[in-house]
$ cat work_1.json   # JSON, C-alpha atoms
[["chain", "number", "residue", "atom", "x", "y", "z"],
["C", 1, "MET", "CA", 110.30, 131.36, 81.10],
["C", 2, "THR", "CA", 107.87, 128.50, 80.48],
["C", 3, "ARG", "CA", 107.13, 127.14, 83.93],
["C", 4, "ARG", "CA", 103.75, 126.82, 85.55],
["C", 5, "ALA", "CA", 103.08, 125.52, 89.04],
["C", 6, "LEU", "CA", 99.40, 124.69, 89.43],
["C", 7, "LEU", "CA", 97.79, 123.11, 92.50],
["C", 8, "LEU", "CA", 95.92, 119.81, 92.34],
["C", 9, "VAL", "CA", 94.29, 120.11, 88.92],
["C", 10, "ALA", "CA", 97.42, 121.20, 87.09],
["C", 11, "VAL", "CA", 97.50, 120.20, 83.47],
["C", 12, "LEU", "CA", 100.91, 120.77, 81.91],
["C", 13, "ALA", "CA", 101.29, 121.69, 78.29],
["C", 14, "VAL", "CA", 104.45, 120.28, 76.69],
["C", 15, "GLY", "CA", 106.29, 122.66, 74.42],
["C", 16, "LEU", "CA", 109.94, 123.14, 73.55],
["C", 17, "VAL", "CA", 111.23, 126.61, 74.30],
["C", 18, "ALA", "CA", 114.47, 128.39, 73.63],
["C", 19, "VAL", "CA", 114.82, 130.49, 76.76],
["C", 20, "PRO", "CA", 118.30, 130.55, 78.26],
["C", 21, "ALA", "CA", 118.60, 128.90, 81.67],
["C", 22, "ALA", "CA", 119.16, 131.04, 84.74],
["C", 23, "SER", "CA", 122.17, 129.99, 86.74],
["C", 24, "ALA", "CA", 123.43, 130.76, 90.20],
["C", 25, "SER", "CA", 127.08, 130.47, 91.01],
["C", 26, "ARG", "CA", 127.84, 127.41, 93.12],
["C", 27, "ALA", "CA", 131.42, 126.49, 93.77],
["C", 28, "VAL", "CA", 132.61, 122.96, 93.07],
["C", 29, "ILE", "CA", 134.26, 121.85, 96.30],
["C", 30, "GLY", "CA", 135.36, 118.39, 95.27],
["C", 31, "THR", "CA", 135.15, 115.52, 92.80],
["C", 32, "PHE", "CA", 136.08, 111.86, 92.95],
["C", 33, "GLY", "CA", 135.86, 108.82, 90.70],
["C", 34, "GLY", "CA", 136.86, 108.24, 87.11],
["C", 35, "PRO", "CA", 136.24, 105.66, 84.35],
["C", 36, "GLY", "CA", 137.18, 102.07, 85.03],
["C", 37, "THR", "CA", 136.54, 99.05, 87.20],
["C", 38, "GLY", "CA", 139.17, 99.61, 89.88],
["C", 39, "PRO", "CA", 138.75, 100.86, 93.44],
["C", 40, "GLY", "CA", 136.94, 104.19, 93.48],
["C", 41, "GLN", "CA", 136.20, 104.13, 89.74],
["C", 42, "PHE", "CA", 132.80, 104.04, 88.04],
["C", 43, "GLY", "CA", 131.87, 102.37, 84.81],
["C", 44, "SER", "CA", 133.77, 100.68, 82.05],
["C", 45, "PRO", "CA", 137.28, 101.72, 81.03],
["C", 46, "ARG", "CA", 137.84, 103.46, 77.71],
["C", 47, "ALA", "CA", 139.14, 100.18, 76.26],
["C", 48, "ASP", "CA", 135.62, 98.72, 76.55],
["C", 49, "TYR", "CA", 134.39, 101.09, 73.89],
["C", 50, "ARG", "CA", 130.80, 99.95, 73.50],
["C", 51, "ALA", "CA", 130.09, 100.05, 77.24],
["C", 52, "TYR", "CA", 132.00, 103.31, 77.55],
["C", 53, "LEU", "CA", 129.67, 104.91, 75.02],
["C", 54, "LEU", "CA", 126.70, 104.22, 77.29],
["C", 55, "ARG", "CA", 127.72, 107.45, 79.02],
["C", 56, "THR", "CA", 126.47, 106.27, 82.36],
["C", 57, "GLY", "CA", 128.15, 106.86, 85.66],
["C", 58, "PRO", "CA", 127.63, 106.30, 89.36],
["C", 59, "GLY", "CA", 124.15, 105.66, 90.72],
["C", 60, "GLY", "CA", 122.48, 106.66, 93.95],
["C", 61, "ILE", "CA", 124.28, 108.39, 96.83],
["C", 62, "ALA", "CA", 123.54, 107.97, 100.54],
["C", 63, "PHE", "CA", 125.21, 109.00, 103.79],
["C", 64, "ALA", "CA", 126.18, 106.69, 106.64],
["C", 65, "GLY", "CA", 127.75, 108.76, 109.41],
["C", 66, "SER", "CA", 131.11, 110.00, 108.16],
["C", 67, "GLU", "CA", 130.94, 107.77, 105.08],
["C", 68, "VAL", "CA", 129.37, 108.25, 101.66],
["C", 69, "VAL", "CA", 127.91, 105.22, 99.93],
["C", 70, "VAL", "CA", 127.63, 105.25, 96.11],
["C", 71, "ALA", "CA", 126.01, 102.70, 93.80],
["C", 72, "ASP", "CA", 128.08, 101.62, 90.78],
["C", 73, "PRO", "CA", 125.53, 100.23, 88.27],
["C", 74, "ILE", "CA", 127.88, 99.20, 85.46],
["C", 75, "ASN", "CA", 130.26, 97.38, 87.80],
["C", 76, "ASP", "CA", 127.36, 95.83, 89.78],
["C", 77, "ARG", "CA", 128.66, 96.89, 93.16],
["C", 78, "ILE", "CA", 128.42, 99.39, 96.00],
["C", 79, "GLN", "CA", 131.40, 101.61, 96.90],
["C", 80, "ARG", "CA", 132.20, 103.42, 100.13],
["C", 81, "PHE", "CA", 134.11, 106.69, 100.50],
["C", 82, "THR", "CA", 135.03, 109.24, 103.11],
["C", 83, "ARG", "CA", 133.34, 112.59, 102.70],
["C", 84, "ASP", "CA", 136.47, 113.96, 101.05],
["C", 85, "GLY", "CA", 136.33, 111.21, 98.43],
["C", 86, "ARG", "CA", 138.88, 108.72, 99.74],
["C", 87, "PHE", "CA", 137.99, 105.15, 98.75],
["C", 88, "LEU", "CA", 137.22, 102.86, 101.70],
["C", 89, "GLY", "CA", 135.92, 99.66, 100.17],
["C", 90, "ALA", "CA", 133.41, 98.00, 97.87],
["C", 91, "PHE", "CA", 131.14, 94.97, 97.79],
["C", 92, "GLY", "CA", 128.89, 93.17, 95.33],
["C", 93, "ARG", "CA", 129.20, 90.85, 92.38],
["C", 94, "ARG", "CA", 127.13, 90.39, 89.25],
["C", 95, "GLY", "CA", 124.32, 87.86, 89.38],
["C", 96, "ILE", "CA", 120.64, 87.19, 89.98],
["C", 97, "LEU", "CA", 120.78, 85.15, 93.18],
["C", 98, "PRO", "CA", 119.99, 86.74, 96.57],
["C", 99, "GLY", "CA", 122.91, 88.95, 97.57],
["C", 100, "GLN", "CA", 124.11, 89.36, 93.98],
["C", 101, "MET", "CA", 123.68, 92.56, 92.02],
["C", 102, "LEU", "CA", 122.51, 93.60, 88.59],
["C", 103, "SER", "CA", 122.57, 97.35, 87.95],
["C", 104, "PRO", "CA", 122.08, 98.77, 91.46],
["C", 105, "HIS", "CA", 120.70, 102.32, 91.27],
["C", 106, "GLY", "CA", 118.72, 103.90, 94.08],
["C", 107, "ILE", "CA", 120.07, 103.45, 97.60],
["C", 108, "ALA", "CA", 119.06, 104.53, 101.10],
["C", 109, "VAL", "CA", 120.58, 104.11, 104.56],
["C", 110, "HIS", "CA", 118.43, 103.55, 107.64],
["C", 111, "ARG", "CA", 119.47, 102.35, 111.10],
["C", 112, "GLY", "CA", 122.73, 100.81, 109.96],
["C", 113, "ARG", "CA", 121.24, 99.06, 106.96],
["C", 114, "LEU", "CA", 121.67, 99.76, 103.27],
["C", 115, "TYR", "CA", 118.64, 99.43, 100.99],
["C", 116, "VAL", "CA", 119.53, 98.88, 97.33],
["C", 117, "VAL", "CA", 117.21, 99.07, 94.32],
["C", 118, "MET", "CA", 118.31, 96.47, 91.79],
["C", 119, "GLN", "CA", 117.12, 97.90, 88.51],
["C", 120, "GLY", "CA", 118.34, 94.85, 86.60],
["C", 121, "ASN", "CA", 117.04, 92.29, 89.11],
["C", 122, "ASP", "CA", 113.66, 93.96, 89.73],
["C", 123, "ARG", "CA", 113.94, 93.88, 93.51],
["C", 124, "ILE", "CA", 115.07, 95.76, 96.59],
["C", 125, "GLU", "CA", 117.68, 94.13, 98.80],
["C", 126, "VAL", "CA", 118.95, 94.94, 102.26],
["C", 127, "TYR", "CA", 122.60, 94.77, 103.37],
["C", 128, "THR", "CA", 124.72, 95.74, 106.31],
["C", 129, "LEU", "CA", 126.94, 98.74, 105.61],
["C", 130, "ARG", "CA", 129.85, 96.36, 105.09],
["C", 131, "GLY", "CA", 128.01, 94.29, 102.51],
["C", 132, "ARG", "CA", 126.49, 91.31, 104.28],
["C", 133, "TRP", "CA", 123.19, 90.38, 102.65],
["C", 134, "LEU", "CA", 120.21, 90.39, 105.03],
["C", 135, "GLN", "CA", 116.99, 90.10, 103.06],
["C", 136, "ALA", "CA", 114.96, 91.21, 100.06],
["C", 137, "PHE", "CA", 111.65, 93.03, 100.08],
["C", 138, "HIS", "CA", 108.87, 90.54, 99.47],
["C", 139, "VAL", "CA", 105.40, 90.26, 97.99],
["C", 140, "LEU", "CA", 102.39, 88.69, 99.65],
["C", 141, "SER", "CA", 102.16, 85.73, 97.27],
["C", 142, "ARG", "CA", 104.03, 82.62, 96.24],
["C", 143, "ILE", "CA", 105.52, 84.51, 93.27],
["C", 144, "GLY", "CA", 109.22, 85.05, 93.76],
["C", 145, "GLU", "CA", 109.27, 82.98, 96.92],
["C", 146, "ARG", "CA", 112.87, 82.02, 96.25],
["C", 147, "TYR", "CA", 114.35, 85.16, 94.76],
["C", 148, "ALA", "CA", 111.75, 87.68, 95.97],
["C", 149, "MET", "CA", 110.04, 90.40, 93.97],
["C", 150, "THR", "CA", 109.88, 88.65, 90.62],
["C", 151, "ARG", "CA", 109.17, 91.18, 87.88],
["C", 152, "GLY", "CA", 105.49, 92.05, 87.64],
["C", 153, "ALA", "CA", 102.75, 94.60, 88.11],
["C", 154, "GLY", "CA", 101.13, 93.10, 91.19],
["C", 155, "ARG", "CA", 101.10, 94.58, 94.65],
["C", 156, "GLY", "CA", 104.66, 94.85, 95.91],
["C", 157, "GLN", "CA", 106.17, 93.76, 92.60],
["C", 158, "VAL", "CA", 108.35, 96.05, 90.50],
["C", 159, "HIS", "CA", 109.42, 96.31, 86.88],
["C", 160, "ASN", "CA", 112.56, 98.34, 86.22],
["C", 161, "PRO", "CA", 112.68, 100.16, 89.58],
["C", 162, "TRP", "CA", 114.96, 103.18, 89.87],
["C", 163, "GLY", "CA", 114.90, 105.56, 92.84],
["C", 164, "ILE", "CA", 114.18, 104.97, 96.52],
["C", 165, "ALA", "CA", 113.38, 107.39, 99.33],
["C", 166, "LEU", "CA", 113.05, 106.92, 103.08],
["C", 167, "GLY", "CA", 110.05, 108.52, 104.77],
["C", 168, "PRO", "CA", 109.83, 109.96, 108.29],
["C", 169, "ASP", "CA", 107.82, 106.90, 109.38],
["C", 170, "GLY", "CA", 110.64, 104.54, 108.34],
["C", 171, "GLY", "CA", 108.78, 103.34, 105.25],
["C", 172, "PHE", "CA", 110.13, 103.44, 101.71],
["C", 173, "SER", "CA", 108.91, 104.80, 98.39],
["C", 174, "VAL", "CA", 110.29, 103.20, 95.22],
["C", 175, "ALA", "CA", 109.96, 104.52, 91.67],
["C", 176, "ASP", "CA", 108.47, 101.57, 89.76],
["C", 177, "MET", "CA", 109.33, 102.93, 86.34],
["C", 178, "ASN", "CA", 107.82, 100.48, 83.87],
["C", 179, "ASN", "CA", 104.62, 100.19, 85.89],
["C", 180, "GLY", "CA", 104.12, 103.97, 85.93],
["C", 181, "ARG", "CA", 103.76, 104.27, 89.70],
["C", 182, "VAL", "CA", 105.56, 104.71, 93.00],
["C", 183, "GLN", "CA", 105.36, 101.70, 95.29],
["C", 184, "ARG", "CA", 105.23, 102.13, 99.04],
["C", 185, "PHE", "CA", 106.74, 99.62, 101.46],
["C", 186, "SER", "CA", 106.77, 99.24, 105.22],
["C", 187, "PRO", "CA", 110.11, 99.37, 107.08],
["C", 188, "ARG", "CA", 110.13, 95.56, 106.78],
["C", 189, "GLY", "CA", 109.62, 95.62, 103.04],
["C", 190, "VAL", "CA", 105.95, 94.68, 102.80],
["C", 191, "GLY", "CA", 103.92, 96.44, 100.10],
["C", 192, "ARG", "CA", 101.70, 99.26, 101.38],
["C", 193, "GLY", "CA", 100.10, 100.29, 98.11],
["C", 194, "GLN", "CA", 101.07, 102.80, 95.46],
["C", 195, "VAL", "CA", 100.97, 106.43, 94.40],
["C", 196, "GLY", "CA", 100.05, 107.35, 90.82],
["C", 197, "ARG", "CA", 99.17, 105.24, 87.83],
["C", 198, "PHE", "CA", 100.29, 105.09, 84.23],
["C", 199, "GLY", "CA", 99.26, 108.09, 82.15],
["C", 200, "ALA", "CA", 100.00, 111.72, 81.33],
["C", 201, "GLY", "CA", 97.31, 113.51, 83.32],
["C", 202, "PRO", "CA", 97.56, 115.20, 86.71],
["C", 203, "GLY", "CA", 98.77, 112.71, 89.31],
["C", 204, "GLN", "CA", 99.65, 110.15, 86.63],
["C", 205, "LEU", "CA", 103.14, 108.94, 85.73],
["C", 206, "ARG", "CA", 104.67, 107.88, 82.44],
["C", 207, "ALA", "CA", 108.26, 107.11, 83.53],
["C", 208, "PRO", "CA", 108.93, 107.81, 87.22],
["C", 209, "PHE", "CA", 112.67, 107.86, 87.91],
["C", 210, "GLY", "CA", 113.46, 109.89, 91.02],
["C", 211, "VAL", "CA", 111.65, 110.03, 94.37],
["C", 212, "ALA", "CA", 112.22, 112.18, 97.44],
["C", 213, "VAL", "CA", 110.29, 112.52, 100.70],
["C", 214, "ASP", "CA", 110.40, 115.65, 102.84],
["C", 215, "ARG", "CA", 110.18, 115.82, 106.63],
["C", 216, "ALA", "CA", 106.40, 116.23, 106.46],
["C", 217, "GLY", "CA", 106.06, 113.00, 104.50],
["C", 218, "ASN", "CA", 105.25, 114.66, 101.18],
["C", 219, "LEU", "CA", 106.44, 112.71, 98.15],
["C", 220, "TRP", "CA", 108.14, 114.27, 95.10],
["C", 221, "VAL", "CA", 108.35, 112.22, 91.87],
["C", 222, "SER", "CA", 110.24, 113.05, 88.67],
["C", 223, "ASP", "CA", 108.84, 111.94, 85.31],
["C", 224, "ASN", "CA", 111.58, 111.34, 82.78],
["C", 225, "MET", "CA", 109.26, 111.26, 79.78],
["C", 226, "LEU", "CA", 106.81, 114.04, 80.70],
["C", 227, "ASN", "CA", 109.59, 116.41, 81.87],
["C", 228, "ARG", "CA", 107.93, 117.38, 85.10],
["C", 229, "VAL", "CA", 107.98, 116.75, 88.83],
["C", 230, "GLN", "CA", 104.88, 116.19, 90.94],
["C", 231, "LYS", "CA", 104.32, 116.52, 94.66],
["C", 232, "PHE", "CA", 101.92, 114.28, 96.59],
["C", 233, "ASP", "CA", 100.90, 114.41, 100.23],
["C", 234, "SER", "CA", 101.40, 111.51, 102.62],
["C", 235, "ARG", "CA", 98.08, 110.00, 101.52],
["C", 236, "GLY", "CA", 99.03, 110.09, 97.85],
["C", 237, "ARG", "CA", 96.90, 113.09, 96.86],
["C", 238, "LEU", "CA", 98.37, 115.39, 94.23],
["C", 239, "LEU", "CA", 99.47, 118.76, 95.59],
["C", 240, "LEU", "CA", 101.58, 120.26, 92.86],
["C", 241, "ALA", "CA", 102.95, 119.72, 89.37],
["C", 242, "VAL", "CA", 105.89, 121.69, 88.02],
["C", 243, "GLY", "CA", 107.78, 121.78, 84.75],
["C", 244, "GLU", "CA", 107.59, 121.80, 80.99],
["C", 245, "THR", "CA", 109.83, 120.52, 78.26],
["C", 246, "GLY", "CA", 112.68, 122.95, 77.73],
["C", 247, "SER", "CA", 115.81, 124.57, 79.07],
["C", 248, "GLY", "CA", 114.42, 127.66, 80.76],
["C", 249, "PRO", "CA", 114.20, 128.26, 84.51],
["C", 250, "GLY", "CA", 112.13, 125.46, 85.99],
["C", 251, "ASP", "CA", 111.92, 123.52, 82.72],
["C", 252, "PHE", "CA", 113.32, 120.01, 82.36],
["C", 253, "LEU", "CA", 114.78, 117.63, 79.81],
["C", 254, "ALA", "CA", 114.67, 114.04, 81.11],
["C", 255, "PRO", "CA", 114.74, 114.75, 84.87],
["C", 256, "GLN", "CA", 115.93, 111.86, 87.01],
["C", 257, "GLY", "CA", 117.27, 111.92, 90.59],
["C", 258, "LEU", "CA", 115.63, 113.99, 93.34],
["C", 259, "ALA", "CA", 116.63, 115.09, 96.83],
["C", 260, "THR", "CA", 115.31, 117.48, 99.46],
["C", 261, "ASP", "CA", 117.21, 119.59, 101.97],
["C", 262, "ARG", "CA", 116.38, 120.37, 105.59],
["C", 263, "ALA", "CA", 114.25, 123.37, 104.52],
["C", 264, "GLY", "CA", 112.12, 121.24, 102.22],
["C", 265, "ASN", "CA", 113.61, 122.59, 98.98],
["C", 266, "LEU", "CA", 113.77, 120.14, 96.09],
["C", 267, "TYR", "CA", 116.85, 119.44, 93.94],
["C", 268, "VAL", "CA", 116.35, 117.88, 90.51],
["C", 269, "ALA", "CA", 118.99, 116.19, 88.36],
["C", 270, "ASP", "CA", 117.97, 117.77, 85.05],
["C", 271, "THR", "CA", 119.87, 115.19, 83.05],
["C", 272, "ASN", "CA", 119.70, 116.32, 79.45],
["C", 273, "ASN", "CA", 120.14, 119.97, 80.41],
["C", 274, "ALA", "CA", 123.29, 118.92, 82.32],
["C", 275, "ARG", "CA", 122.41, 120.88, 85.44],
["C", 276, "VAL", "CA", 120.74, 120.75, 88.83],
["C", 277, "VAL", "CA", 117.51, 122.70, 89.36],
["C", 278, "LYS", "CA", 116.46, 123.84, 92.84],
["C", 279, "LEU", "CA", 112.79, 124.45, 93.62],
["C", 280, "ALA", "CA", 111.10, 125.84, 96.74],
["C", 281, "PRO", "CA", 108.62, 123.61, 98.59],
["C", 282, "ASP", "CA", 105.79, 125.34, 96.70],
["C", 283, "GLY", "CA", 107.43, 124.63, 93.33],
["C", 284, "ARG", "CA", 108.91, 128.08, 92.69],
["C", 285, "PHE", "CA", 112.14, 128.07, 90.73],
["C", 286, "LEU", "CA", 115.05, 129.18, 92.93],
["C", 287, "GLU", "CA", 118.21, 128.50, 90.96],
["C", 288, "SER", "CA", 120.05, 126.16, 88.65],
["C", 289, "PHE", "CA", 123.72, 125.26, 88.80],
["C", 290, "GLY", "CA", 126.27, 122.94, 87.28],
["C", 291, "GLU", "CA", 126.03, 124.30, 83.74],
["C", 292, "GLY", "CA", 129.43, 123.91, 82.09],
["C", 293, "VAL", "CA", 130.59, 121.54, 84.86],
["C", 294, "LEU", "CA", 128.21, 118.59, 84.71],
["C", 295, "THR", "CA", 127.96, 116.24, 81.74],
["C", 296, "GLN", "CA", 125.18, 113.84, 82.69],
["C", 297, "PRO", "CA", 123.76, 114.26, 86.20],
["C", 298, "VAL", "CA", 121.60, 111.28, 87.10],
["C", 299, "HIS", "CA", 121.35, 110.88, 90.88],
["C", 300, "LEU", "CA", 121.98, 113.37, 93.70],
["C", 301, "ALA", "CA", 121.86, 113.76, 97.45],
["C", 302, "VAL", "CA", 121.99, 116.68, 99.89],
["C", 303, "SER", "CA", 123.95, 116.31, 103.14],
["C", 304, "ASP", "CA", 123.04, 117.95, 106.45],
["C", 305, "ASP", "CA", 125.27, 120.94, 105.72],
["C", 306, "CYS", "CA", 123.42, 121.37, 102.40],
["C", 307, "THR", "CA", 126.36, 120.27, 100.26],
["C", 308, "VAL", "CA", 124.93, 118.86, 97.02],
["C", 309, "TRP", "CA", 126.46, 115.60, 95.82],
["C", 310, "VAL", "CA", 125.81, 114.74, 92.17],
["C", 311, "SER", "CA", 126.40, 111.48, 90.30],
["C", 312, "ASP", "CA", 127.77, 112.73, 87.01],
["C", 313, "TYR", "CA", 129.45, 111.01, 84.08],
["C", 314, "ARG", "CA", 131.95, 108.58, 85.70],
["C", 315, "ARG", "CA", 132.39, 110.71, 88.84],
["C", 316, "VAL", "CA", 130.75, 112.36, 91.83],
["C", 317, "VAL", "CA", 130.77, 116.17, 91.95],
["C", 318, "LYS", "CA", 130.27, 118.15, 95.18],
["C", 319, "PHE", "CA", 128.79, 121.66, 95.14],
["C", 320, "ALA", "CA", 128.92, 124.11, 98.04],
["C", 321, "GLY", "CA", 125.82, 124.09, 100.21],
["C", 322, "SER", "CA", 123.16, 126.76, 100.47],
["C", 323, "CYS", "CA", 119.77, 125.79, 101.95]]
$ encode --input "work_1.json" --output "structure tokens"
Amino acid sequence: MTRRALLLVAVLAVGLVAVPAASASRAVIGTFGGPGTGPGQFGSPRADYRAYLLRTGPGGIAFAGSEVVVADPINDRIQRFTRDGRFLGAFGRRGILPGQMLSPHGIAVHRGRLYVVMQGNDRIEVYTLRGRWLQAFHVLSRIGERYAMTRGAGRGQVHNPWGIALGPDGGFSVADMNNGRVQRFSPRGVGRGQVGRFGAGPGQLRAPFGVAVDRAGNLWVSDNMLNRVQKFDSRGRLLLAVGETGSGPGDFLAPQGLATDRAGNLYVADTNNARVVKLAPDGRFLESFGEGVLTQPVHLAVSDDCTVWVSDYRRVVKFAGSC
């Protein structure tokens, strides 16, 4: 095993290892989706060969009462399902104007509103759960006054954003990938500063993809290029760094989506290892699952009953819960 969890001053060596991954048995309790552009489908049909080869699938997953909301980045829309996977409806159309979508990825639900990270439009937009556009997060400048959040590296601006997480105070953390940081926003979408800066050292970020916030307000961030996850406290101070490049227990290859459960455990979409890795709040490896089932896990979410929902290649896969 090549995993080290070091507090605060952790410096992670990067080395490829050939240790077999440990796996716990988790039953698949449901799947839904499929390739295509129709109701309940994700991504391009097989006939669109070039787009089909992108091997991407559904985006972020969020829960709204009895419904499950799933981003569909290739089809530039949001889809709604029952918890057993029955299609309920969809909204969104491709474009750059307010209320239009271009590669929606991270999503969050809060007080009857849906917050959508537009990776292609470099902004975060807010909708009702039935798709009526309400607003976009804004920056404290004249830049982007019309369309909001024009691409940039200034305060409140984003460049290629990916994941979003809701904190216990109602604020949001957004993985600002190309700027090598996590941006923080108030519940109204005003920039509150950032966590991390571009680099490879402790507390620095090279390509932040996934974010998750636990009930104590601690922030977890996955780094797709450095193959690690880092944990920060509510003030942005580094607490923990976990992971090395590899396929052993607690190692990662291109980690992306993150989620926490009610006990504070962290779930990592270990994309290129085609599995989900579960870590304890202190970074200890607990289990991995999905090997032989998942093809390309990118985003994930954990429901109140600890069922793990994973955005895989062209479908959503549900694994039995165990907090």
$ atom_distance --input "work_1.json" --atom1 "CA of Gln41 in chain C" --atom2 "CA of Pro104 in chain C"
15.2 Å
$ residues_near_point --input "work_1.json" --point "(96.2, 111.0, 99.9)" --cutoff "12 Å" --atoms "all atoms listed in the file" --output "list in words"
Leu8, Gly193, Gln194, Val195, Gly196, Gly203, Gly217, Asn218, Leu219, Lys231, Phe232, Asp233, Ser234, Arg235, Gly236, Arg237, Leu238 and Leu239 of chain C
$ atom_distance --input "work_1.json" --atom1 "CA of Gly180 in chain C" --atom2 "CA of Trp162 in chain C"
11.6 Å
$ atom_distance --input "work_1.json" --atom1 "CA of Thr82 in chain C" --atom2 "CA of Val317 in chain C"
13.8 Å
$ residues_near_point --input "work_1.json" --point "(115.1, 114.4, 102.6)" --cutoff "10 Å" --atoms "all atoms listed in the file" --output "list of chain:residue names"
C:Ala165, C:Leu166, C:Gly167, C:Pro168, C:Val211, C:Ala212, C:Val213, C:Asp214, C:Arg215, C:Ala216, C:Gly217, C:Asn218, C:Leu219, C:Leu258, C:Ala259, C:Thr260, C:Asp261, C:Arg262, C:Ala263, C:Gly264, C:Asn265, C:Leu266, C:Ala301, C:Val302, C:Ser303, C:Asp304
$ residues_around --input "work_1.json" --residues "Gln79 in chain C" --least-positions-apart "2" --cutoff "10 Å" --atoms "all atoms listed in the file" --output "VMD selection string"
chain C and resid 39 to 42 58 61 68 to 72 77 81 87 to 92 130 to 131
$ closest_residue --input "work_1.json" --among "C:Ala241, C:Ala254, C:Gly199, C:Phe319" --to "Arg284 in chain C" --atoms "all atoms listed in the file"
C:Ala241
$ closest_residue --input "work_1.json" --among "C:Leu286, C:Ala200, C:Ala274, C:Met225" --to "Pro249 in chain C" --atoms "all atoms listed in the file"
C:Leu286
$ closest_residue --input "work_1.json" --among "C:His159, C:Phe285, C:Arg94, C:Gly154" --to "Arg123 in chain C" --atoms "only C-alpha atoms"
C:His159
$ closest_residue --input "work_1.json" --among "C:Arg26, C:Arg86, C:Arg132, C:Arg80" --to "Gln100 in chain C" --atoms "all atoms listed in the file"
C:Arg132
$ residues_around --input "work_1.json" --residues "Arg188 in chain C" --least-positions-apart "2" --cutoff "12 Å" --atoms "only C-alpha atoms" --output "number ranges by chain"
C: 110, 113, 115, 124-126, 134-139, 169-172, 184-186, 190-192
